[in-house]
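Each remark here refers to the structure printed beneath this line.
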Amino acid sequence: KPHLYKDPNHKPEMAIALSQRVRAMCGFRSLLEISHHLQIYPEFAALVGSEATQNIRECCQDLAGSSREGISTQQTKYAIQQMFESFLTNESSNIHTQLDLLLTRLATQQKESSLSKVEQLMMQLSTQFPHDSGIMAPLFLNIVELSQGEALFIGANEPHAYISGEILECMACSDNVVRAGLTPKPKDVQTLVEMCTYESEQPPLVQYGTLQDTMTMRYEPPVQDFCVEMIIVPPNSKYDIVNVPSPSTLLTLSGSAFLVQYHQEDNDDDDDDGDDTSSSSGSNATTTTGVIANLPVSFGSAAFCSANTRTTIVTGPNEGVHLTRAFTNVYYNSSPQDQPDDF
């Protein structure tokens, strides 16, 4: 559908938690978990249908009796795809009926005993998106909780939804968004069913970044498309951002500062005559011969930095600054086959 999805690029993405708690759904649950939910939630099984439900049960029996448990085979992928398609392509009237039955049962159960996290989430989603099939998504998608500073990597063609909390999101260069639920925007169920990888068994990749120094935390996803840094500079400070061999974008999340760029010249030797200011970024030795840019930034400000360009963050006496920087990951991705020819 080129009129809707205008570029061919893939779209992996990463979300970094800015608030104390972030909740999301990402990737399919294991086949065993889905099978268990089909057993204890008859409303879910009614929408999935008897054929897809039986196929999942048979796959679970095969996995339990083999050494392949935990590995996504073509058989398990097909079983999940069949479940997903059958569920999403149900008649709206059937979806509404089964949702009403489920939510009524959970509301009664809530008065008598506590609900599980999955059930609590379904009740929450029902208030935000009434009669949306995505209310049952927690039954087949992993629920992920992030603490502040943790990052969630989402591979291309993996179903996901951000539920609550504030995040910084960075993704590959693509405008394509395929939706199937939990949204008032147009949905394209068939395209989503066709494009998903249907990987399961492996939990979503959640991790903290790597501390580069006292002020910078770097998040390196397993793709070349992007890398993200969180930079926090206290008041009354100067901090040189490490040069990278890639253009980069800076976004100010809070506070204020000046971004200062200098004219740079490569040093032919390691001698320092004491007259010039040397870069402290840890890259090849350079000297600065004058300011060429001095840009004030505050909340919401964005700035572009050329590749291999020294930038200094200068904060005032009363306020520090919190910025994030994004750039290509081609020189940091550790996969040899993904590195450029001149790496």
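If you're wondering about the labels, chains in the structure tokens are A, B, ... by order shown, residues count from 1 in each chain, ligands from 1 in order shown.
For Cys60 of chain A, the non-local neighbours within 8 Å, defined as residues at least 2 positions apart in the same chain or in other chains and counting only C-alpha atoms, are Leu31, Leu32, Ser35, Ile56, Arg57, Glu58, Asp62, Leu63 and Ala64 of chain A.
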- Message: Excluding His10 of chain A and its own-chain neighbours fewer than 2 positions away, which residues fall within 8 Å of it when counting only C-alpha atoms? Please give them as a PyMOL selection string.
- Response: chain A and resi 8+12+156-157+172-174
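Between Phe140 of chain A and the residues A:Gly255, A:Asn9, A:Lys187, A:His37, the shortest atom-to-atom distance, using only C-alpha atoms, involves A:His37.
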- Check the smallest atom-to-atom distance from each of A:Leu18, A:Ile154, A:His96, A:Met25 to His322 of chain A using only C-alpha atoms, then report the winner.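 Going through A:Leu18, A:Ile154, A:His96, A:Met25 one by one, the smallest distance to His322 of chain A is for A:Leu18.
Restricting the calculation to only C-alpha atoms, the smallest distance between Val22 of chain A and any of A:Thr76, A:Gln61, A:Gln148, A:Ser306 is found for A:Gln148.
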- Task: Find the residue from A:Pro159, A:Pro245, A:Pro234, A:Pro42 that sits nearest to Glu194 of chain A; use only C-alpha atoms when measuring.
- Result: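 Ranking A:Pro159, A:Pro245, A:Pro234, A:Pro42 by distance to Glu194 of chain A, first place goes to A:Pro159.
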With 12 Å as the cut-off and only C-alpha atoms counted, what is the closest atom pair between each nearby residue of segment 16-87 of chain A and segment 110-131 of chain A? Distances in Å to one decimal, ordered by chain and number, as JSON lines.
```
{"residue": "A:Arg23", "atom": "CA", "partner": "A:Leu121", "partner_atom": "CA", "distance": 10.0}
{"residue": "A:Ala24", "atom": "CA", "partner": "A:Leu121", "partner_atom": "CA", "distance": 10.5}
{"residue": "A:Met25", "atom": "CA", "partner": "A:Leu121", "partner_atom": "CA", "distance": 10.6}
{"residue": "A:Glu33", "atom": "CA", "partner": "A:Val118", "partner_atom": "CA", "distance": 11.9}
{"residue": "A:His37", "atom": "CA", "partner": "A:Val118", "partner_atom": "CA", "distance": 10.2}
{"residue": "A:Ile40", "atom": "CA", "partner": "A:Glu119", "partner_atom": "CA", "distance": 11.6}
{"residue": "A:Tyr41", "atom": "CA", "partner": "A:Glu119", "partner_atom": "CA", "distance": 10.3}
{"residue": "A:Phe44", "atom": "CA", "partner": "A:Met122", "partner_atom": "CA", "distance": 11.9}
```
- Item | Distance query His160 of chain A at most 10 Å, only C-alpha atoms, self and fewer than 6 positions along chain excluded, as a ChimeraX atom specification | /A:24-28,137,141-143,154,179
- Using only C-alpha atoms, which residues sit within 12 Å of Leu295 of chain A once same-chain residues fewer than 6 positions away are excluded, as a PyMOL selection string? chain A and resi 250+256-262+301-305+311-315
- Task: Give the answer as one residue: which of A:Leu106, A:Ala293, A:Leu152, A:Cys227 has the shortest atom-to-atom distance to Met14 of chain A, using only C-alpha atoms?
- Result: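 Closest to Met14 of chain A of all the choices is A:Leu152.
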- Item | Nearest-residue call for Met230 of chain A, choices A:Asn243, A:Ser93, A:Thr210, A:Ser86, using only C-alpha atoms |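 Ranked by minimum distance to Met230 of chain A, first place goes to A:Thr210.
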- Item | strand (DSSP E or B) per DSSP on the backbone: members of segment 49-267 of chain A, as a PyMOL selection string | chain A and resi 141-147+150-154+160-164+167-171+205-208+210-211+216-219+227-233+238-241+248-266
Export C-alpha atoms of the chosen residues as a tab-separated table (two decimals), in the first residue's frame?
```tsv
chain	number	residue	atom	x	y	z
A	141	LEU	CA	1.55	-9.61	24.36
A	142	ASN	CA	4.30	-9.25	26.98
A	143	ILE	CA	3.73	-6.57	29.60
A	144	VAL	CA	6.89	-4.57	30.27
A	145	GLU	CA	7.56	-2.18	33.15
A	146	LEU	CA	10.50	0.24	32.99
A	147	SER	CA	12.08	2.24	35.79
A	150	GLU	CA	15.79	1.90	31.62
A	151	ALA	CA	15.43	1.37	27.87
A	152	LEU	CA	13.23	-0.98	25.87
A	153	PHE	CA	14.41	-2.04	22.42
A	154	ILE	CA	11.73	-3.06	19.94
A	160	HIS	CA	3.91	-2.99	20.75
A	161	ALA	CA	1.98	-0.31	22.60
A	162	TYR	CA	3.00	2.30	25.15
A	163	ILE	CA	0.47	2.38	27.98
A	164	SER	CA	1.57	4.92	30.57
A	167	ILE	CA	9.42	8.15	27.35
A	168	LEU	CA	12.05	9.35	24.95
A	169	GLU	CA	11.57	7.43	21.71
A	170	CYS	CA	14.15	7.05	18.96
A	171	MET	CA	13.63	5.02	15.80
A	205	LEU	CA	15.20	-6.48	25.73
A	206	VAL	CA	15.22	-4.08	28.68
A	207	GLN	CA	18.45	-2.61	29.97
A	208	TYR	CA	20.19	0.46	31.33
A	210	THR	CA	26.43	2.31	29.62
A	211	LEU	CA	27.96	5.13	31.67
A	216	THR	CA	26.79	10.85	29.81
A	217	MET	CA	24.88	7.56	29.59
A	218	ARG	CA	24.93	5.82	26.20
A	219	TYR	CA	22.25	3.44	24.91
A	227	CYS	CA	22.37	5.34	19.16
A	228	VAL	CA	21.14	7.56	22.01
A	229	GLU	CA	22.94	9.40	24.80
A	230	MET	CA	21.49	11.02	27.89
A	231	ILE	CA	23.61	13.99	29.01
A	232	ILE	CA	23.13	15.74	32.36
A	233	VAL	CA	25.38	18.74	33.08
A	238	LYS	CA	31.55	23.24	30.86
A	239	TYR	CA	31.34	19.83	29.27
A	240	ASP	CA	32.74	18.67	25.92
A	241	ILE	CA	30.52	16.20	24.11
A	248	SER	CA	23.80	14.07	15.47
A	249	THR	CA	20.71	15.76	16.86
A	250	LEU	CA	20.50	17.29	20.33
A	251	LEU	CA	17.19	17.76	22.16
A	252	THR	CA	16.89	19.65	25.45
A	253	LEU	CA	14.69	17.83	27.97
A	254	SER	CA	15.00	20.28	30.87
A	255	GLY	CA	17.08	23.20	32.11
A	256	SER	CA	19.05	25.59	29.92
A	257	ALA	CA	22.56	26.05	28.58
A	258	PHE	CA	24.62	27.29	25.65
A	259	LEU	CA	25.94	24.97	22.96
A	260	VAL	CA	29.29	26.29	21.84
A	261	GLN	CA	31.11	25.10	18.73
A	262	TYR	CA	34.68	25.99	17.90
A	263	HIS	CA	36.75	26.11	14.77
A	264	GLN	CA	39.02	23.07	14.96
A	265	GLU	CA	42.42	22.23	13.53
A	266	ASP	CA	44.13	18.84	13.70
```
- Quick one, how far is atom CA of Gln224 of chain A from atom CA of Ser200 of chain A?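 That distance, rounded to one decimal, is 23.2 Å.
In this model, the gap between atom CA of Thr108 of chain A and atom CA of Thr89 of chain A comes to 28.6 Å.
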